[in-house]
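Everything below belongs to model_36.csv, which stores CSV, C-alpha atoms and all ligand atoms.
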chain,number,residue,atom,x,y,z
R,1,MET,CA,-28.3,-8.5,-54.4
R,2,ASN,CA,-26.1,-8.8,-57.5
R,3,ARG,CA,-22.4,-9.3,-57.2
R,4,PHE,CA,-21.7,-5.6,-58.0
R,5,CYS,CA,-24.1,-4.3,-55.3
R,6,PHE,CA,-22.7,-6.8,-52.8
R,7,SER,CA,-19.1,-5.6,-53.5
R,8,LEU,CA,-20.2,-2.0,-53.2
R,9,VAL,CA,-21.9,-2.6,-49.9
R,10,SER,CA,-18.9,-4.6,-48.5
R,11,CYS,CA,-16.5,-1.8,-49.6
R,12,LEU,CA,-18.7,0.8,-47.9
R,13,PHE,CA,-18.8,-1.3,-44.8
R,14,VAL,CA,-15.1,-1.7,-44.7
R,15,VAL,CA,-14.5,2.0,-45.3
R,16,MET,CA,-17.1,3.0,-42.7
R,17,SER,CA,-15.9,0.6,-40.0
R,18,GLY,CA,-12.3,1.8,-40.7
R,19,ALA,CA,-13.4,5.3,-40.3
R,20,LEU,CA,-15.3,4.4,-37.1
R,21,CYS,CA,-12.2,2.7,-35.7
R,22,ALA,CA,-10.0,5.6,-36.6
R,23,ALA,CA,-12.5,8.0,-35.0
R,24,GLU,CA,-12.5,5.8,-31.9
R,25,ASP,CA,-8.7,5.6,-31.8
R,26,SER,CA,-8.4,9.3,-32.2
R,27,ALA,CA,-11.0,9.9,-29.5
R,28,GLN,CA,-9.1,7.6,-27.2
R,29,GLY,CA,-5.9,9.3,-28.2
R,30,ALA,CA,-7.3,12.7,-27.4
R,31,ALA,CA,-8.7,11.5,-24.1
R,32,ARG,CA,-5.3,10.1,-23.2
R,33,GLU,CA,-3.5,13.2,-24.2
R,34,LYS,CA,-5.9,15.0,-21.9
R,35,ALA,CA,-5.2,12.4,-19.2
R,36,GLN,CA,-1.4,13.3,-19.5
R,37,ASP,CA,-2.4,16.6,-18.1
R,38,GLN,CA,-4.6,15.1,-15.4
R,39,THR,CA,-3.3,14.0,-12.1
R,40,LEU,CA,-4.1,11.1,-9.9
R,41,LYS,CA,-5.0,13.3,-7.0
R,42,ASN,CA,-7.5,15.4,-9.1
R,43,ARG,CA,-9.0,12.4,-10.8
R,44,PHE,CA,-9.8,10.7,-7.5
R,45,ALA,CA,-10.3,13.7,-5.3
R,46,PRO,CA,-14.1,13.1,-5.1
R,47,LEU,CA,-13.5,9.5,-3.9
R,48,PHE,CA,-10.3,9.2,-1.8
R,49,ASP,CA,-6.8,10.6,-1.2
R,50,VAL,CA,-4.0,9.3,-3.4
R,51,GLY,CA,-0.7,8.9,-1.7
R,52,THR,CA,2.8,7.5,-2.3
R,53,ALA,CA,5.6,6.2,-0.1
R,54,VAL,CA,8.6,8.4,-0.2
R,55,SER,CA,12.1,9.0,1.1
R,56,PRO,CA,13.5,12.5,1.5
R,57,PHE,CA,15.9,12.2,-1.5
R,58,GLN,CA,12.9,11.7,-3.8
R,59,LEU,CA,11.5,15.1,-2.9
R,60,GLU,CA,14.1,17.0,-4.8
R,61,GLY,CA,14.4,18.4,-8.3
R,62,LEU,CA,12.0,17.1,-10.9
R,63,ASN,CA,10.7,14.4,-8.6
R,64,ALA,CA,9.5,17.0,-6.2
R,65,GLU,CA,7.3,18.5,-8.8
R,66,PHE,CA,6.1,15.1,-9.9
R,67,VAL,CA,5.2,14.0,-6.4
R,68,ALA,CA,3.3,17.2,-5.6
R,69,ARG,CA,1.5,17.0,-8.9
R,70,HIS,CA,0.1,13.5,-8.6
R,71,PHE,CA,-0.3,12.9,-4.9
R,72,ASN,CA,-2.0,14.5,-1.9
R,73,SER,CA,-0.8,12.1,0.8
R,74,LEU,CA,2.7,11.0,1.8
R,75,THR,CA,3.8,8.0,3.8
R,76,PRO,CA,7.5,7.9,4.8
R,77,GLU,CA,8.7,4.7,3.2
R,78,ASN,CA,11.2,4.0,6.0
R,79,CYS,CA,12.0,7.1,8.1
R,80,MET,CA,9.2,6.9,10.6
R,81,LYS,CA,10.0,3.3,11.5
R,82,PRO,CA,11.5,2.5,14.9
R,83,GLU,CA,14.8,1.5,13.2
R,84,ALA,CA,15.0,5.1,11.8
R,85,LEU,CA,13.8,7.0,14.8
R,86,TYR,CA,14.7,5.2,18.0
R,87,ARG,CA,17.8,6.1,19.9
R,88,PRO,CA,18.4,4.6,23.4
R,89,ASP,CA,19.8,7.9,24.7
R,90,GLY,CA,16.4,9.6,23.9
R,91,ASN,CA,17.8,11.8,21.0
R,92,TYR,CA,15.5,10.4,18.4
R,93,HIS,CA,16.5,10.8,14.8
R,94,PHE,CA,13.6,12.9,13.5
R,95,ALA,CA,15.4,14.9,10.7
R,96,PRO,CA,14.6,12.8,7.6
R,97,ALA,CA,10.9,12.4,8.6
R,98,ASP,CA,10.7,16.1,9.4
R,99,ALA,CA,11.8,16.8,5.9
R,100,ILE,CA,8.9,14.8,4.5
R,101,VAL,CA,6.5,16.5,6.8
R,102,ARG,CA,7.8,19.9,5.7
R,103,PHE,CA,7.4,19.0,2.0
R,104,ALA,CA,3.8,17.7,2.7
R,105,LYS,CA,2.9,20.9,4.5
R,106,ALA,CA,4.4,23.2,1.8
R,107,ASN,CA,2.3,21.3,-0.8
R,108,GLY,CA,-0.9,20.9,1.1
R,109,MET,CA,-0.5,17.1,1.5
R,110,LYS,CA,-1.5,14.8,4.3
R,111,VAL,CA,0.9,12.5,6.1
R,112,ARG,CA,0.3,8.9,7.1
R,113,GLY,CA,2.4,7.8,10.0
R,114,HIS,CA,4.1,4.4,9.4
R,115,THR,CA,4.6,2.5,11.7
R,116,LEU,CA,4.8,2.4,15.6
R,117,VAL,CA,4.9,-1.2,16.7
R,118,TRP,CA,6.3,-3.8,14.4
R,119,HIS,CA,8.4,-7.0,14.7
R,120,SER,CA,10.6,-5.9,11.8
R,121,GLN,CA,12.8,-2.8,11.2
R,122,THR,CA,12.8,-2.3,15.0
R,123,PRO,CA,16.3,-2.4,16.4
R,124,ARG,CA,17.4,-5.2,18.8
R,125,LYS,CA,18.3,-2.4,21.3
R,126,PHE,CA,14.6,-1.5,21.5
R,127,PHE,CA,14.0,-4.8,23.4
R,128,VAL,CA,16.9,-4.8,25.8
R,129,ASP,CA,18.1,-2.5,28.7
R,130,HIS,CA,21.4,-0.6,28.7
R,131,GLU,CA,23.2,-3.7,29.8
R,132,GLY,CA,21.8,-5.8,27.0
R,133,THR,CA,19.4,-7.7,29.2
R,134,PRO,CA,16.0,-8.5,27.5
R,135,LEU,CA,13.2,-6.4,28.9
R,136,ASP,CA,10.3,-8.2,30.7
R,137,LYS,CA,6.7,-7.3,29.9
R,138,ASP,CA,6.4,-4.4,32.2
R,139,ALA,CA,9.6,-2.9,31.1
R,140,LEU,CA,8.8,-3.4,27.4
R,141,TYR,CA,5.4,-1.8,27.9
R,142,ALA,CA,7.1,1.2,29.6
R,143,ARG,CA,9.5,1.4,26.6
R,144,MET,CA,6.5,1.2,24.2
R,145,GLU,CA,4.8,4.0,26.0
R,146,GLU,CA,7.8,6.2,26.0
R,147,TYR,CA,8.4,5.5,22.3
R,148,ILE,CA,4.8,6.1,21.2
R,149,SER,CA,4.3,9.2,23.2
R,150,LYS,CA,7.6,10.7,22.0
R,151,VAL,CA,7.0,10.0,18.4
R,152,MET,CA,3.3,10.9,18.3
R,153,ASN,CA,3.9,14.1,20.2
R,154,HIS,CA,6.7,15.1,17.9
R,155,PHE,CA,4.4,14.7,14.8
R,156,ARG,CA,1.3,16.0,16.6
R,157,GLY,CA,-0.9,18.0,14.2
R,158,ASP,CA,1.2,16.9,11.2
R,159,VAL,CA,0.4,13.2,11.0
R,160,TYR,CA,-3.4,12.6,10.7
R,161,CYS,CA,-3.3,8.8,11.1
R,162,TRP,CA,-0.9,6.1,12.3
R,163,ASP,CA,-0.3,2.5,11.5
R,164,VAL,CA,-0.1,1.6,15.2
R,165,VAL,CA,0.6,-2.1,14.8
R,166,ASN,CA,2.0,-3.6,11.6
R,167,GLU,CA,1.8,-7.3,10.6
R,168,ALA,CA,0.9,-8.9,13.9
R,169,LEU,CA,-0.9,-11.8,12.1
R,170,SER,CA,0.6,-15.1,11.2
R,171,ASP,CA,0.8,-16.6,7.7
R,172,GLU,CA,1.1,-20.1,9.2
R,173,GLY,CA,-1.8,-22.5,9.1
R,174,ASP,CA,-4.2,-22.1,12.0
R,175,GLU,CA,-1.8,-19.9,14.0
R,176,ILE,CA,-3.6,-16.5,14.4
R,177,TYR,CA,-0.8,-14.3,15.7
R,178,ARG,CA,2.8,-14.1,14.5
R,179,THR,CA,4.5,-15.8,17.3
R,180,ARG,CA,8.0,-15.2,16.0
R,181,SER,CA,8.0,-11.6,17.0
R,182,PRO,CA,9.9,-9.9,19.9
R,183,TRP,CA,6.6,-8.3,20.8
R,184,PHE,CA,4.6,-11.5,21.0
R,185,GLU,CA,7.4,-13.4,22.7
R,186,VAL,CA,7.5,-11.0,25.6
R,187,CYS,CA,3.9,-9.8,25.8
R,188,GLY,CA,1.7,-12.3,24.0
R,189,LYS,CA,-1.1,-10.9,21.8
R,190,ASP,CA,-1.9,-8.2,24.4
R,191,PHE,CA,0.7,-5.9,23.0
R,192,ILE,CA,-1.7,-5.1,20.1
R,193,ALA,CA,-4.5,-3.8,22.3
R,194,HIS,CA,-1.9,-2.1,24.6
R,195,ALA,CA,-0.3,-0.2,21.6
R,196,PHE,CA,-3.7,1.1,20.4
R,197,ARG,CA,-4.7,2.2,23.9
R,198,VAL,CA,-1.4,4.0,24.5
R,199,ALA,CA,-1.6,5.7,21.1
R,200,HIS,CA,-5.2,6.9,21.7
R,201,LYS,CA,-4.2,8.3,25.1
R,202,VAL,CA,-1.3,10.2,23.6
R,203,ASP,CA,-3.5,11.8,20.9
R,204,PRO,CA,-7.2,11.0,20.7
R,205,ASN,CA,-7.5,13.0,17.5
R,206,VAL,CA,-5.4,10.8,15.4
R,207,LYS,CA,-6.9,7.9,13.4
R,208,LEU,CA,-5.4,4.6,14.5
R,209,PHE,CA,-4.9,1.8,12.0
R,210,TYR,CA,-4.0,-1.9,12.0
R,211,ASN,CA,-1.9,-2.6,8.9
R,212,ASP,CA,-1.1,-5.9,7.3
R,213,TYR,CA,-0.4,-7.7,4.0
R,214,ASN,CA,-2.2,-10.5,2.2
R,215,LEU,CA,-5.5,-9.4,3.7
R,216,ILE,CA,-7.4,-10.5,0.6
R,217,SER,CA,-6.4,-14.1,1.2
R,218,PRO,CA,-9.4,-15.8,2.8
R,219,ALA,CA,-7.3,-17.4,5.6
R,220,LYS,CA,-5.6,-14.2,6.6
R,221,ARG,CA,-8.9,-12.2,6.2
R,222,GLU,CA,-10.5,-14.6,8.7
R,223,LYS,CA,-7.7,-14.1,11.2
R,224,ALA,CA,-7.8,-10.3,10.8
R,225,VAL,CA,-11.6,-10.2,11.3
R,226,ARG,CA,-11.3,-12.4,14.3
R,227,MET,CA,-8.6,-10.3,15.9
R,228,LEU,CA,-10.3,-7.0,15.0
R,229,ARG,CA,-13.7,-8.1,16.3
R,230,GLU,CA,-12.1,-9.1,19.6
R,231,LEU,CA,-10.2,-5.8,19.9
R,232,LEU,CA,-13.3,-3.7,19.1
R,233,ALA,CA,-15.4,-5.8,21.5
R,234,SER,CA,-13.0,-4.9,24.3
R,235,GLY,CA,-13.2,-1.2,23.4
R,236,VAL,CA,-9.8,-1.0,21.8
R,237,PRO,CA,-9.7,2.2,19.7
R,238,VAL,CA,-9.0,0.9,16.3
R,239,ALA,CA,-10.4,3.2,13.6
R,240,GLY,CA,-9.4,1.4,10.5
R,241,VAL,CA,-7.6,-1.3,8.6
R,242,GLY,CA,-4.7,-0.6,6.3
R,243,MET,CA,-4.6,-3.2,3.5
R,244,GLN,CA,-1.0,-3.1,2.3
R,245,ALA,CA,-1.9,-4.4,-1.2
R,246,HIS,CA,1.5,-5.8,-2.4
R,247,TRP,CA,-0.3,-7.8,-5.1
R,248,ASP,CA,0.7,-9.7,-8.1
R,249,MET,CA,-0.8,-10.3,-11.5
R,250,GLU,CA,-1.3,-14.0,-11.0
R,251,THR,CA,-3.2,-14.2,-7.8
R,252,PHE,CA,-4.9,-10.8,-7.4
R,253,ASP,CA,-8.6,-11.4,-7.4
R,254,PRO,CA,-11.1,-8.5,-7.3
R,255,LEU,CA,-13.7,-10.7,-5.7
R,256,GLU,CA,-11.5,-11.4,-2.7
R,257,LEU,CA,-10.7,-7.7,-2.4
R,258,GLN,CA,-14.4,-7.0,-2.3
R,259,LYS,CA,-15.0,-9.6,0.3
R,260,SER,CA,-12.3,-8.2,2.5
R,261,ILE,CA,-13.5,-4.7,2.2
R,262,ASP,CA,-17.1,-5.9,3.1
R,263,ALA,CA,-15.8,-7.8,6.1
R,264,PHE,CA,-13.9,-4.8,7.5
R,265,VAL,CA,-16.7,-2.4,6.8
R,266,GLU,CA,-19.1,-4.8,8.6
R,267,LEU,CA,-17.0,-4.4,11.7
R,268,GLY,CA,-17.5,-0.6,11.4
R,269,LEU,CA,-13.9,0.1,10.3
R,270,GLU,CA,-12.6,2.5,7.8
R,271,VAL,CA,-10.4,1.0,5.0
R,272,GLN,CA,-7.3,2.4,3.5
R,273,ILE,CA,-5.1,0.9,0.8
R,274,THR,CA,-1.7,1.6,2.3
R,275,GLU,CA,1.1,0.1,0.1
R,276,LEU,CA,-0.2,-0.6,-3.3
R,277,ASP,CA,2.0,-2.2,-6.0
R,278,LEU,CA,1.5,-5.0,-8.5
R,279,THR,CA,4.6,-6.9,-9.3
R,280,ILE,CA,5.0,-8.5,-12.7
R,281,TYR,CA,6.7,-11.5,-11.1
R,282,PRO,CA,5.0,-14.4,-9.2
R,283,PRO,CA,4.0,-13.8,-5.7
R,284,TYR,CA,7.1,-13.0,-3.7
R,285,HIS,CA,7.0,-16.0,-1.4
R,286,GLY,CA,7.5,-18.2,-4.4
R,287,ALA,CA,10.1,-15.9,-5.8
R,288,GLN,CA,12.0,-16.0,-2.5
R,289,ASP,CA,12.4,-19.8,-2.9
R,290,ALA,CA,13.6,-19.2,-6.5
R,291,ALA,CA,16.1,-16.6,-5.3
R,292,ARG,CA,17.5,-19.1,-2.8
R,293,SER,CA,17.8,-21.8,-5.4
R,294,GLY,CA,19.6,-19.4,-7.7
R,295,SER,CA,17.0,-19.5,-10.4
R,296,ALA,CA,15.3,-16.2,-9.7
R,297,PRO,CA,13.2,-15.2,-12.7
R,298,ARG,CA,13.9,-12.2,-14.9
R,299,LYS,CA,11.1,-10.7,-17.0
R,300,ASP,CA,11.0,-8.0,-19.7
R,301,TYR,CA,8.1,-5.6,-19.6
R,302,THR,CA,6.8,-6.7,-23.0
R,303,PRO,CA,3.7,-5.0,-24.6
R,304,GLU,CA,1.7,-8.1,-23.6
R,305,ILE,CA,2.8,-7.9,-20.0
R,306,GLU,CA,2.2,-4.2,-19.9
R,307,GLU,CA,-1.4,-4.8,-21.2
R,308,ARG,CA,-2.1,-7.5,-18.6
R,309,HIS,CA,-0.6,-5.3,-15.9
R,310,ALA,CA,-2.8,-2.4,-16.9
R,311,GLU,CA,-5.9,-4.7,-17.0
R,312,LYS,CA,-5.2,-5.8,-13.4
R,313,TYR,CA,-4.7,-2.3,-12.2
R,314,ALA,CA,-8.1,-1.4,-13.9
R,315,GLN,CA,-9.7,-4.2,-11.9
R,316,VAL,CA,-8.1,-3.0,-8.7
R,317,PHE,CA,-9.4,0.5,-9.2
R,318,GLU,CA,-12.9,-0.6,-10.3
R,319,VAL,CA,-13.3,-2.2,-6.9
R,320,LEU,CA,-11.8,0.7,-5.0
R,321,CYS,CA,-14.0,3.3,-6.8
R,322,ARG,CA,-17.0,1.2,-6.1
R,323,ASN,CA,-16.2,1.1,-2.4
R,324,ALA,CA,-15.2,4.7,-2.2
R,325,ASP,CA,-17.7,5.4,0.6
R,326,HIS,CA,-15.6,3.2,2.9
R,327,ILE,CA,-12.1,3.8,1.5
R,328,THR,CA,-10.5,7.1,2.5
R,329,SER,CA,-7.0,6.8,1.0
R,330,VAL,CA,-5.1,4.8,-1.6
R,331,THR,CA,-1.3,4.9,-1.3
R,332,PHE,CA,1.2,3.5,-3.8
R,333,TRP,CA,4.3,2.0,-2.4
R,334,GLY,CA,6.8,4.1,-4.3
R,335,ILE,CA,6.6,7.0,-6.8
R,336,THR,CA,7.9,5.3,-9.9
R,337,ASP,CA,9.2,1.9,-11.0
R,338,ARG,CA,12.7,3.3,-10.6
R,339,TYR,CA,12.3,3.5,-6.8
R,340,SER,CA,10.3,0.4,-6.0
R,341,TRP,CA,11.5,-1.9,-3.2
R,342,LEU,CA,10.6,-4.8,-5.6
R,343,ASN,CA,13.7,-4.1,-7.6
R,344,MET,CA,15.6,-5.3,-4.5
R,345,TYR,CA,13.3,-7.8,-3.0
R,346,PRO,CA,13.0,-10.7,-2.9
R,347,CYS,CA,15.8,-10.9,-5.5
R,348,PRO,CA,18.5,-8.2,-5.3
R,349,GLY,CA,19.1,-6.4,-8.6
R,350,ARG,CA,15.9,-7.7,-10.3
R,351,THR,CA,14.0,-5.2,-12.5
R,352,ASP,CA,10.3,-4.9,-11.6
R,353,HIS,CA,7.6,-2.6,-13.1
R,354,PRO,CA,5.0,-2.6,-10.4
R,355,LEU,CA,3.7,1.0,-10.4
R,356,LEU,CA,1.9,3.4,-12.7
R,357,PHE,CA,5.0,5.4,-13.9
R,358,ASP,CA,8.1,4.1,-15.6
R,359,ARG,CA,11.7,4.9,-14.6
R,360,GLU,CA,11.6,8.2,-16.4
R,361,ASN,CA,8.3,9.3,-14.6
R,362,ARG,CA,6.3,8.6,-17.7
R,363,PRO,CA,2.8,7.3,-17.3
R,364,LYS,CA,2.4,3.7,-18.4
R,365,GLU,CA,-0.7,2.0,-19.9
R,366,ALA,CA,-1.7,1.1,-16.3
R,367,PHE,CA,-1.9,4.8,-15.5
R,368,HIS,CA,-4.3,5.4,-18.3
R,369,ARG,CA,-6.5,2.5,-17.3
R,370,VAL,CA,-6.5,3.6,-13.7
R,371,MET,CA,-7.6,7.1,-14.8
R,372,GLU,CA,-10.3,5.6,-16.9
R,373,ALA,CA,-11.5,3.1,-14.3
R,374,LYS,CA,-15.2,3.1,-13.6
R,375,GLU,CA,-17.0,1.4,-10.8
R,376,SER,CA,-18.3,-1.2,-13.2
R,377,SER,CA,-20.2,-4.0,-11.5
R,378,ILE,CA,-18.3,-7.1,-10.9
R,379,GLN,CA,-20.1,-10.4,-10.7
R,380,THR,CA,-20.3,-11.8,-7.2
R,381,GLU,CA,-20.4,-15.5,-6.7
R,382,GLU,CA,-23.8,-15.9,-5.0
R,401,LIG,C1,5.9,-3.9,4.5
R,401,LIG,C2,6.0,-2.7,5.4
R,401,LIG,C3,6.5,-1.5,4.7
R,401,LIG,C4,7.7,-1.9,3.7
R,401,LIG,C5,7.2,-3.0,2.8
R,401,LIG,C6,8.3,-3.3,1.9
R,401,LIG,O1,4.8,-4.0,3.7
R,401,LIG,O2,4.8,-2.4,6.0
R,401,LIG,O3,6.9,-0.6,5.6
R,401,LIG,O4,8.8,-2.3,4.5
R,401,LIG,O5,6.9,-4.1,3.6
R,401,LIG,O6,9.0,-2.3,1.4
With the file now loaded, output its structure as structure tokens.
Ligand code: GLA
Amino acid sequence: MNRFCFSLVSCLFVVMSGALCAAEDSAQGAAREKAQDQTLKNRFAPLFDVGTAVSPFQLEGLNAEFVARHFNSLTPENCMKPEALYRPDGNYHFAPADAIVRFAKANGMKVRGHTLVWHSQTPRKFFVDHEGTPLDKDALYARMEEYISKVMNHFRGDVYCWDVVNEALSDEGDEIYRTRSPWFEVCGKDFIAHAFRVAHKVDPNVKLFYNDYNLISPAKREKAVRMLRELLASGVPVAGVGMQAHWDMETFDPLELQKSIDAFVELGLEVQITELDLTIYPPYHGAQDAARSGSAPRKDYTPEIEERHAEKYAQVFEVLCRNADHITSVTFWGITDRYSWLNMYPCPGRTDHPLLFDRENRPKEAFHRVMEAKESSIQTEE
């Protein structure tokens, strides 16, 4: 080829590849514009429900429309916890949770109940009598029964599943159960089985879940499998596992998520992702130390971080889509970055960007990648 021909061919190549790229960009642009009109709940309707955690004040004005548009399941972020509901005189404080249920009904959404038995956000007065004397095991079980039946009966027909026990497993070495829990201290591990049996007796039509965090860490997964296998072998009515999914960009590993889903499915359990968010900061246990030492990190949401964040979210949804036969619901922990608990925890006042929508309810790159996620095959180790 002479020099003239070579230049001509190169020019044509450059022009054509430029045109191809432009065409690709504009096709992607058009697809994304379309995606702006699409909603999470519609995109994933054939696979699983898409939910969000909410407080009643987030169901007003523009947010109300936004929540109803994207989600078909609601979890009260705080107002169905014992701390919010329980009153020793029996006049439980149901009003805020009722407002969420009303909104869900008006918009054809489901409600996940969260949570009945937990060591945290349960008031001290739950564990003592009217004179302040700590309850013994029998008395505490009687209180548990009274509480579960009152709460489940109140929401009967409106709440289709309950996180019956939250976070009963330990993060410490070989310790299986969280021993520093007012439940464990008085009842030992039996409180877990007891809570499920009581809940099932109150309403056998409600799906009962065990809910916990870090369930993709091999050690915690092993503890969860051991506990759940034992519960199921004794006939305890556990229907599913709620994987909280407070993940981070550094340690989230799609292979570990797959292994945990496989392990729970093998036990015959349904899986739900109950509290999904992806912090842009290091895992919060590390951040807690940093906060204590006064050197809590601050990060800007740079284009580079936004891209990595979106990439991680795509990985999460690839696994979830691939396992849709076993996953019935995926709930984000918060509607937009503005309302995420991670702006307050573990470092108060920190700005985090863990969700799919920014502080003005605008979809982020992560939203688009989630909407585009396909159940691509991920290499397994074997
Ligand atoms: C846990 C609980 C939730 C919520 C989050 C943090 O995951 O299950 O109810 O408190 O922590 O907001």
- Query: Using only C-alpha atoms and all ligand atoms, which of the listed residues (R:Leu342, R:Ala263, R:Val330, R:Cys161) sits closest to ligand LIG 401 (chain R)?
  - Reply: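 Nearest to ligand LIG 401 (chain R): R:Leu342.
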Selection within 9 Å of ligand LIG 401 (chain R) by all atoms listed in the file, output as a PDB file with C-alpha atoms, in the frame of the given file:
ATOM      1  CA  ALA R  53       5.600   6.200  -0.100  1.00  0.00           C
ATOM      2  CA  PRO R  76       7.500   7.900   4.800  1.00  0.00           C
ATOM      3  CA  GLU R  77       8.700   4.700   3.200  1.00  0.00           C
ATOM      4  CA  ASN R  78      11.200   4.000   6.000  1.00  0.00           C
ATOM      5  CA  LYS R  81      10.000   3.300  11.500  1.00  0.00           C
ATOM      6  CA  HIS R 114       4.100   4.400   9.400  1.00  0.00           C
ATOM      7  CA  THR R 115       4.600   2.500  11.700  1.00  0.00           C
ATOM      8  CA  TRP R 118       6.300  -3.800  14.400  1.00  0.00           C
ATOM      9  CA  SER R 120      10.600  -5.900  11.800  1.00  0.00           C
ATOM     10  CA  GLN R 121      12.800  -2.800  11.200  1.00  0.00           C
ATOM     11  CA  ASP R 163      -0.300   2.500  11.500  1.00  0.00           C
ATOM     12  CA  ASN R 166       2.000  -3.600  11.600  1.00  0.00           C
ATOM     13  CA  GLU R 167       1.800  -7.300  10.600  1.00  0.00           C
ATOM     14  CA  ASN R 211      -1.900  -2.600   8.900  1.00  0.00           C
ATOM     15  CA  ASP R 212      -1.100  -5.900   7.300  1.00  0.00           C
ATOM     16  CA  TYR R 213      -0.400  -7.700   4.000  1.00  0.00           C
ATOM     17  CA  GLN R 244      -1.000  -3.100   2.300  1.00  0.00           C
ATOM     18  CA  ALA R 245      -1.900  -4.400  -1.200  1.00  0.00           C
ATOM     19  CA  HIS R 246       1.500  -5.800  -2.400  1.00  0.00           C
ATOM     20  CA  THR R 274      -1.700   1.600   2.300  1.00  0.00           C
ATOM     21  CA  GLU R 275       1.100   0.100   0.100  1.00  0.00           C
ATOM     22  CA  TRP R 333       4.300   2.000  -2.400  1.00  0.00           C
ATOM     23  CA  GLY R 334       6.800   4.100  -4.300  1.00  0.00           C
ATOM     24  CA  SER R 340      10.300   0.400  -6.000  1.00  0.00           C
ATOM     25  CA  TRP R 341      11.500  -1.900  -3.200  1.00  0.00           C
ATOM     26  CA  LEU R 342      10.600  -4.800  -5.600  1.00  0.00           C
ATOM     27  CA  TYR R 345      13.300  -7.800  -3.000  1.00  0.00           C
TER      28      TYR R 345
END
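Distance annotation: of R:Asp98, R:Glu175, R:Glu83, R:Asp337, the residue with the minimal separation from Thr122 (chain R) is R:Glu83; atom set is only C-alpha atoms.
Coordinates place CA of Arg229 (chain R) at a distance of 29.1 Å from CA of Gly157 (chain R).
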May I have a table of the residues of region 318-345 of chain R lying at most 8 Å from region 358-369 of chain R, giving each one's closest pair of atoms and their distance in Å to one decimal, counting only C-alpha atoms, ordered by chain and ascending residue number, as a tab-separated table?
residue	atom	partner	partner_atom	distance
R:Thr336	CA	R:Asp358	CA	5.8
R:Asp337	CA	R:Asp358	CA	5.2
R:Arg338	CA	R:Arg359	CA	4.4
R:Tyr339	CA	R:Arg359	CA	7.9
